[in-house]
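*Asks:* Before I ask anything, here is the structure I am working with.
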Amino acid sequence: MTDPVGKLPSQLDQLPDRDPEETAEWAASVDAVNEHAGTHRAEYLLRRTLQHAEDAGLALPRLLETDHVNTIPTSAEPVIDGDEEMERKITAWNRWNAAAMVTRGSKHGVGGHIATFASAAWLYETGFNHFFRGKEQDGSGDQLYIQGHASPGIYARAFLDGRIVEQQLDNFRQESGGNGLPSYPHPRRLPWLWEFPTVSMGLGPLSAIYQARFNRYLTNRGIKDVSNSHVWAFLGDGEMDEPESTAALALASREGLDNLTFVINCNLQRLDGPVRANFKIVQELEAQFRGAGWNVVKSLWGNAWDEVFQLDTNGALVRRIREVPDAQIQTYQTRDAAYIRDHFFAGDPALVQLGKSLSDDKIIECFQLSRGGHEPRKVYAAYKAALAHKGAPTVILAQTVKGFTLGEGFASKNANHQMKKLTTDEFKGMRDLLELPIKDSDFIDGQVPYGHPGADSPEVRYLQERRAALGGPAPARRTQPLPALPAAADKTFAAFDKGSGSQSMATTMAFVRLAKDLMRDKTSGKRWVPIVPDEARTFGMESLFPSLGIYSPKGQTYEPVDRDQLMYYREAKDGQILNEGITEAGSMADFIAAASAYSTHGETMIPFYIFYSMFGWQRTADQMWQLGDQLGKGFLVGATAGRTTLTGEGLQHADGHSPVIAATNPAALSYDPAFAYEVAAIVKDGLRRMYGEAAPGEDSDVFYYLTVYNEPMPQPAKPEGIDEGIVKGLYRFNTAESAGLSVSADAPRTQLLSSGTAIHWALKAQRMLSEEWGVGADVWSATSWTELRRDALDADAALLRGEERTPYIRQALEGITTPVLAVSDYMRQVPDQIAQWVEQDWTSLGADGFGLSDTRDAARRHFGVDAESIVVAALAQLARRGEVSAAAVKEAREKYGL
């Protein structure tokens, strides 16, 4: 309901007012100020009143935006605990060598980025000299998420420190020779330096939040006290457009993660131009973060602005700064003083007068040079404030100039992200600006030289002393091997060997039962990290709630509605389960933090993340790459897997392709187990490989992807001597004879290769072929089409090296002359991975196309993968060989209604 002029009633109108007359007086006061002193004065008074109320602890909504000025006044800035001149020299060397490295590499066409680090140099240097803790004191230190495009600056600092040599700088982005530097932070490529891959934008901020949260989890569970660890995430303002960048802001605030600081480099530019051309990205980000409950510190303007702000007696300058869009600020960066005076200091008479009072040099200094992110005192003050703030995470919005100190050709130019080199003259200008002792004669044949003050120079000694006091080099990744985890008792895995008897069981439930038993282990049980995105009951995990507890930093502040039930919903501060709500991305970020805890904190953790298979790899495959790059270990479990096992759910729930996506990730070992005992055998071998004693030549820095189905099926007993085949990807489950079928010695024969739930259709088809068509069939379980393919690829590669090795798939099928028919609940591309190495006649069946809603039987008939379809396909294959008649194929098709 609205009033006559269409104005919606205020929410406050619904609340009782004990003194309407007093309320009216306050409103009248606001109207009077607005009328007699102007809107600016009225806004100012109200903002100051709200700020005072907030400072007084009154429960009022916070202002989402403050003026476009520094949060910390110059008068409140702390004195830097260090030698500012020495740090200026170090930063100058880093700027130079970062630019030199990329420019020299550009001659080889490998590219690189210069402008990002040029804008962020002081953001990093201040942290390295005063704040970032290394790992040599407690094995954890701080976690640094370095902005990917700033990597040349980090390499340059490592060069100054003696951790990288000149030859490596010259091999920037040239890794195949074995002594190069990766383009961006890639732990798999440079595992002693980089901890966290960040250049897939948006994943860095998301992972940083969950890393800070996982640090609290480790501490609260008593695994390791990492309360001194602080997570620093360095981000770009353009990167904040990625949905993952801001997806978990509320989580960080809700859980009070004051061990987390975002440092957003607001150089106002993304890859092609301004971040918010017609708006102000700093103000937008401030509102977004403050609205999510973060502490916001803005470091926007340098010291040169202090005098100018003092001259602004009526607020005209502050108002003007607030209203000028970012793209215009960029334009001022490249224009002369006359242009700035005419276009910026205009309109308001007070502003015009202020512009006239400033010299040209002062205007240029302010608009082209003086930014909060370029001045160590401003940055130092912001970092100090972030660490001092308790109860909430902090975001620092630091304004900089992209391409700063690189010369007029770079600074604030829209194209500077794609500009890979400086000319010799530009380097000489940069040298003079940075006051570096590099001579013209050092430029030999036009090649820009690297610069280094000497291993025993005051700069290097200062740098190393500061790092020693903070706990050693940073960034750094610990790579020393940890003791192998004791293997769980064999009986835990052997419990599945006898099968389920007359009971039916889905492999999803088999995995959950196995995990539950493993988490009871007195030695390693506490190191399991169960992760689920609000579907625990779907996967039969509710029995874990009361025994393990769901992690919550607040514990349980309420009485759960099901408290009187055996499997009640129990939250606990030391809870083991991470039940993340409806967020595959957040759950995956959890997994990554746990999967790499062995290097981040020196603590081995065993994460398993169980999810709808359709919404795991499909949604978060980029994070799976991040996990592989970060050398993470653990078990990803795609439940309700397969295109036809999930009844009635339809197109976007039916997974026919996750193994295809998983196969593209070199670190992922992808399995589609058919039986409960296979699940146990794969998990047992995975624990050995990742956390125990890996075999010679075996990569232990891998993770496993198991697809499990939710269809209750009879689980057979484990045949003898098949463990190697389960792990390698294929073994013969039975023959027609061992299945008790009557087949004549000269009967046509076929081999049915199947995976996951499809083996049950193959077993039915095996019986039908024998009893109805007189055809013998052997049934094989293909636990991993992908591992079979990788083994074959390895054999091909060995052949190129002059080594003879037969792929396992050929070894397994050796001596078989009958045709092979492969079937799975996935698109045919999954089994077809191995087709080129199968010497027998090959045919495959699969569930290609979109999923659909129906019963399991109807869906399988639709896709042509049910037992009847298998029988017809097998007969057709034999008919092509002349072993059965074409009439038999037609008869079978009509008989089964295909």
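Letters for chains follow the order of the structure tokens (A, B, ...), residue numbers begin at 1 for each chain, and ligand numbers begin at 1 in the order shown.
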Quick one: residues within 8 Å of Ile72 in chain A, only C-alpha atoms, excluding same-chain residues fewer than 4 positions away - as a count of residues only?
*Replies:* 7
*Asks:* Mind dumping a table of every range 646-739 of chain A residue within 12 Å of range 796-807 of chain A, with the nearest atom pair and its distance in Å to one decimal, using only C-alpha atoms, sorted by chain and rising number, as a tab-separated table?
*Replies:*
```
residue	atom	partner	partner_atom	distance
A:Lys728	CA	A:Pro807	CA	10.7
A:Gly729	CA	A:Pro807	CA	11.7
A:Leu730	CA	A:Pro807	CA	11.9
```
*Asks:* Quick one: everything within 7 Å of range 607-616 of chain A, counting only C-alpha atoms, minus sequence neighbours fewer than 5 positions away in the same chain. Send it as a list in words.
*Replies:*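 So the residues in contact are Trp528, Val529, Pro530, Ile531, Val532, Pro533, Glu584, Phe591, Ala594, Ala595, Gly634, Phe635, Leu636, Val637, Gly638, Ala639, Thr640, Ala641, His653, Ala654, Asp655 and Ser658 of chain A.
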*Asks:* Identify all residues of range 211-274 of chain A in helix (DSSP H, G or I) (DSSP on the backbone) and supply them as a PyMOL selection string.
*Replies:* chain A and resi 211-220+238-241+243-246+249-254
*Asks:* Show which residues sit within 12 Å of Ser502 in chain A, as JSON, numbers by chain. Count only C-alpha atoms, and ignore same-chain residues fewer than 4 positions away.
*Replies:* {"A": [498, 712, 713, 714, 715, 716, 717]}
*Asks:* Next, dump the selected residues to file, keeping only N, CA and C atoms, as a PDB file, in the first residue's frame.
*Replies:*
```pdb
ATOM      1  N   LYS A 498      33.527 -59.879   0.814  1.00  0.00           N
ATOM      2  CA  LYS A 498      32.567 -60.984   0.810  1.00  0.00           C
ATOM      3  C   LYS A 498      31.262 -60.618   0.105  1.00  0.00           C
ATOM      4  N   PRO A 712      20.666 -49.158  -5.720  1.00  0.00           N
ATOM      5  CA  PRO A 712      20.960 -50.349  -4.914  1.00  0.00           C
ATOM      6  C   PRO A 712      21.030 -51.594  -5.803  1.00  0.00           C
ATOM      7  N   MET A 713      22.165 -52.259  -5.766  1.00  0.00           N
ATOM      8  CA  MET A 713      22.387 -53.439  -6.594  1.00  0.00           C
ATOM      9  C   MET A 713      23.062 -54.527  -5.760  1.00  0.00           C
ATOM     10  N   PRO A 714      22.918 -55.803  -6.131  1.00  0.00           N
ATOM     11  CA  PRO A 714      23.647 -56.858  -5.434  1.00  0.00           C
ATOM     12  C   PRO A 714      25.154 -56.638  -5.595  1.00  0.00           C
ATOM     13  N   GLN A 715      25.875 -56.749  -4.499  1.00  0.00           N
ATOM     14  CA  GLN A 715      27.325 -56.568  -4.538  1.00  0.00           C
ATOM     15  C   GLN A 715      27.986 -57.937  -4.378  1.00  0.00           C
ATOM     16  N   PRO A 716      28.658 -58.430  -5.434  1.00  0.00           N
ATOM     17  CA  PRO A 716      29.218 -59.782  -5.391  1.00  0.00           C
ATOM     18  C   PRO A 716      30.475 -59.848  -4.534  1.00  0.00           C
ATOM     19  N   ALA A 717      30.885 -61.064  -4.230  1.00  0.00           N
ATOM     20  CA  ALA A 717      32.143 -61.290  -3.531  1.00  0.00           C
ATOM     21  C   ALA A 717      33.302 -61.022  -4.476  1.00  0.00           C
TER      22      ALA A 717
END
```
*Asks:* So that I can check the surroundings of Leu436 in chain A, please list as a VMD selection string every protein, DNA and RNA residue that reaches within 9 Å of it, counting only C-alpha atoms and ignoring chain neighbours fewer than 3 positions away.
*Replies:* chain A and resid 89 92 to 93 96 430 to 433 439 451
